[in-house]
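The block underneath contains the structure these notes are about, expressed in structure tokens.
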Amino acid sequence: MNITLEALQILDAIDRKGSFAAAANVLDKVPSAITYSIRKLEEDLDVLLYDRRGHRAKLTIAGQELLTQGRHLLQAAEELEQRVKRTATGWESELRIVVDGIIQFENLLPLLQEFEQQACGTRLRISQEVLSGVWETLLNGRADLAIGAAYDGPDTLRMHGEYQTRLMGNIDWVFAVAAQHPLAQAAEPLTAGVIQNYRAIVVGDTGRQLPSITAGILNGQDTLTVPSLHAKLLAQVAGLGCGNLPRALALPYLKSGALVEKTLEETRLSGNNRIAWRSNDKGKALHWFLQRLADPVVQRMLLGGVV
């Protein structure tokens, strides 16, 4: 390869400092060494990088392009060097976290801010999935840690020693309808036969390979599938259907009267939320998150409970 990082550093220094001599000073080289490096680079590439016809050499269009793209390479090389150094200390270069849609991102922010104070340099990549989509992301190797995963996970994960799971906590659910919805005035407790006559608002399972997970839907019940828990809340407030909502999420609307809580003859929504990770991952960032996620206060914060 004709282009070296050293040559790119020289090109960058000349542009930043304004002259060959100034670049030589900052790079602790003699001016003739800078001139030689640039001329050799031009010969190797068979491209003129500087127009030397004026009083001061100026970058040609080709030289400007090499400088622009070369700076991207220099930055990437610097980041790679830092990641290698961090890895040697036990901190991962990147930690990929998949969060179930049951967890509102604003509830995750305090934990992310606390991790930022570690100043470890580990980059976080956070994605959000729903129901089986969370487990699928972990199984496919696209995440190192799952937070808020619903139920116990697929059989393939439970039978595989590569993964560990831990109970995170239960959600306090409330069956709610809009004040203008027909069920708002229905006699309580609501029976399954009554509820079945009305559309349920459900958040779509994002899994593509694992069997879909459904919760709180009666056989034959009409459904409106929405992309997120917040969208489900808005749809129910608008009177488009009924369904269970986390009490913490629905509480402001219950207080204002926009939503009405209804008791059920049978409590149909059950299950729990879990933390899951690869047991062979030993990085310090993962260990930090696992420690913090074991704290009941953090668990309640993430699940929308009162801290």
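Simple scheme: letters A, B, ... for chains in structure tokens order, numbers from 1 for residues in each chain, numbers from 1 for ligands in the order shown.
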Inset, instruction - Determine, counting only C-alpha atoms, which protein, DNA and RNA residues have an atom within 9 Å of an atom of Asp172 in chain A; residues of the same chain fewer than 5 positions away are not included. Present the result as a count of residues only. - result: 5
Inset, instruction - Identify, on the basis of only C-alpha atoms, every residue whose closest approach to range 103-111 of chain A does not exceed 9 Å; exclude the query and any residue fewer than 4 positions from it along the same chain; express the result as a list in words. - result: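 After dropping sequence-adjacent residues, the list is Val99, Phe115, Glu116, Ile147, Gly148, Leu229, His230, Phe289, Arg292, Val298, Met301, Leu302, Leu303 and Gly304 of chain A.
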Legend entry - Residues flagged strand (DSSP E) by DSSP in range 33-180 of chain A, as a VMD selection string: chain A and resid 50 to 51 58 to 59 94 to 100 123 to 129 145 to 150 163 to 169 173 to 178
Listing only residues of range 17-93 of chain A within 7 Å of range 120-133 of chain A, what is the closest atom pair and its distance in Å (to one decimal) for each, using only C-alpha atoms, sorted by chain and residue number ascending, as JSON lines?
```
{"residue": "A:Trp91", "atom": "CA", "partner": "A:Thr122", "partner_atom": "CA", "distance": 6.5}
{"residue": "A:Glu92", "atom": "CA", "partner": "A:Thr122", "partner_atom": "CA", "distance": 5.7}
{"residue": "A:Ser93", "atom": "CA", "partner": "A:Thr122", "partner_atom": "CA", "distance": 4.9}
```
I need the residues from that last selection saved to file as a tab-separated table (two decimals), in the first residue's frame (with N, CA and C atoms), if you can.
```tsv
chain	number	residue	atom	x	y	z
A	91	TRP	N	-12.29	-3.49	29.68
A	91	TRP	CA	-13.51	-2.80	29.25
A	91	TRP	C	-13.77	-3.10	27.77
A	92	GLU	N	-14.99	-3.44	27.44
A	92	GLU	CA	-15.34	-3.74	26.06
A	92	GLU	C	-15.25	-2.47	25.21
A	93	SER	N	-14.92	-2.64	23.95
A	93	SER	CA	-14.94	-1.50	23.04
A	93	SER	C	-16.38	-1.07	22.78
```
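The residue that comes closest to Phe175 in chain A, out of A:Ile201, A:Leu27, A:Leu66, A:Ala146 and on the basis of only C-alpha atoms, is A:Ile201.
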Inset, instruction - Counting only C-alpha atoms, figure out which residue out of A:Gly141, A:Gly90, A:Pro227, A:Gly193 gets nearest to Ile102 in chain A. - result: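 Closest candidate: A:Pro227.
For Ser279 in chain A, the list of residues within 6 Å, based on only C-alpha atoms and with local chain neighbours fewer than 6 positions off taken out, reads Glu162, Tyr163 and Gln164 of chain A.
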Inset, instruction - Pick out the residues sitting within 10 Å of Pro182 in chain A, and hand them over as number ranges by chain; count only C-alpha atoms, and ignore anything fewer than 6 positions along from it in its own chain. - result: A: 198, 239, 241-242
File dump, residues just selected, C-alpha atoms, as a PDB file, in the first residue's frame:
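The result, stored in out34.pdb:
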```pdb
ATOM      1  CA  TYR A 198     -64.424  -5.007  21.710  1.00  0.00           C
ATOM      2  CA  GLY A 239     -61.063   5.194  22.391  1.00  0.00           C
ATOM      3  CA  GLY A 241     -59.821  -0.154  21.813  1.00  0.00           C
ATOM      4  CA  CYS A 242     -59.171  -1.621  25.231  1.00  0.00           C
TER       5      CYS A 242
END
```
Legend entry - Non-local contacts of Gly220 in chain A (12 Å; only C-alpha atoms; under 4 positions in same chain excluded) as a PyMOL selection string: chain A and resi 192-193+195-200
Inset, instruction - Just the alpha helix (DSSP H) stuff from range 45-269 of chain A, please, per backbone DSSP, written as a ChimeraX atom specification. - result: /A:45,61-88,105-116,132-139,155-158,192-195,229-237,247-256
Legend entry - Shell around Ala150 in chain A at 8 Å using only C-alpha atoms, local window under 5 positions removed, as a PyMOL selection string: chain A and resi 100+131-132+271-274
Requested write-out: N, CA and C atoms of the selected residues, as a short mmCIF file (atom, residue, chain, number, x, y, z; two decimals), in the first residue's frame:
```
data_model
loop_
_atom_site.label_atom_id
_atom_site.label_comp_id
_atom_site.auth_asym_id
_atom_site.auth_seq_id
_atom_site.Cartn_x
_atom_site.Cartn_y
_atom_site.Cartn_z
N ASP A 100 -36.56 -4.20 25.97
CA ASP A 100 -37.94 -4.48 25.58
C ASP A 100 -38.74 -3.18 25.59
N LEU A 131 -41.25 -8.22 22.91
CA LEU A 131 -41.55 -9.61 23.18
C LEU A 131 -40.49 -10.56 22.61
N SER A 132 -40.85 -11.45 21.69
CA SER A 132 -39.87 -12.43 21.22
C SER A 132 -38.71 -11.79 20.47
N GLY A 271 -47.02 -13.03 33.88
CA GLY A 271 -45.67 -13.09 33.33
C GLY A 271 -44.73 -12.19 34.11
N ASN A 272 -43.51 -12.15 33.68
CA ASN A 272 -42.51 -11.34 34.36
C ASN A 272 -41.53 -10.81 33.34
N ASN A 273 -40.65 -9.98 33.82
CA ASN A 273 -39.62 -9.43 32.94
C ASN A 273 -38.26 -9.82 33.48
N ARG A 274 -37.34 -10.08 32.55
CA ARG A 274 -36.06 -10.65 32.94
C ARG A 274 -34.90 -9.88 32.31
#
```
Find the nearest atom pair between each residue of range 23-85 of chain A and range 7-16 of chain A for residues within 9 Å, count only C-alpha atoms, give distances in Å to one decimal, sort rows by chain and ascending number, and present the table as JSON lines.
```
{"residue": "A:Ala23", "atom": "CA", "partner": "A:Ile14", "partner_atom": "CA", "distance": 4.9}
{"residue": "A:Ala24", "atom": "CA", "partner": "A:Ile14", "partner_atom": "CA", "distance": 8.2}
{"residue": "A:Val26", "atom": "CA", "partner": "A:Ala13", "partner_atom": "CA", "distance": 7.6}
{"residue": "A:Leu27", "atom": "CA", "partner": "A:Ala13", "partner_atom": "CA", "distance": 7.7}
{"residue": "A:Ile34", "atom": "CA", "partner": "A:Ile10", "partner_atom": "CA", "distance": 7.0}
{"residue": "A:Ser37", "atom": "CA", "partner": "A:Ala7", "partner_atom": "CA", "distance": 6.7}
{"residue": "A:Ile38", "atom": "CA", "partner": "A:Ala7", "partner_atom": "CA", "distance": 7.3}
{"residue": "A:Leu41", "atom": "CA", "partner": "A:Ala7", "partner_atom": "CA", "distance": 7.3}
{"residue": "A:Leu59", "atom": "CA", "partner": "A:Asp15", "partner_atom": "CA", "distance": 8.7}
{"residue": "A:Gly63", "atom": "CA", "partner": "A:Leu11", "partner_atom": "CA", "distance": 8.8}
{"residue": "A:Leu66", "atom": "CA", "partner": "A:Leu8", "partner_atom": "CA", "distance": 8.2}
{"residue": "A:Leu67", "atom": "CA", "partner": "A:Asp12", "partner_atom": "CA", "distance": 6.5}
{"residue": "A:Thr68", "atom": "CA", "partner": "A:Asp12", "partner_atom": "CA", "distance": 8.9}
{"residue": "A:Gly70", "atom": "CA", "partner": "A:Leu8", "partner_atom": "CA", "distance": 5.8}
{"residue": "A:Arg71", "atom": "CA", "partner": "A:Asp12", "partner_atom": "CA", "distance": 7.2}
{"residue": "A:Leu73", "atom": "CA", "partner": "A:Leu8", "partner_atom": "CA", "distance": 8.5}
{"residue": "A:Leu74", "atom": "CA", "partner": "A:Leu8", "partner_atom": "CA", "distance": 7.4}
```
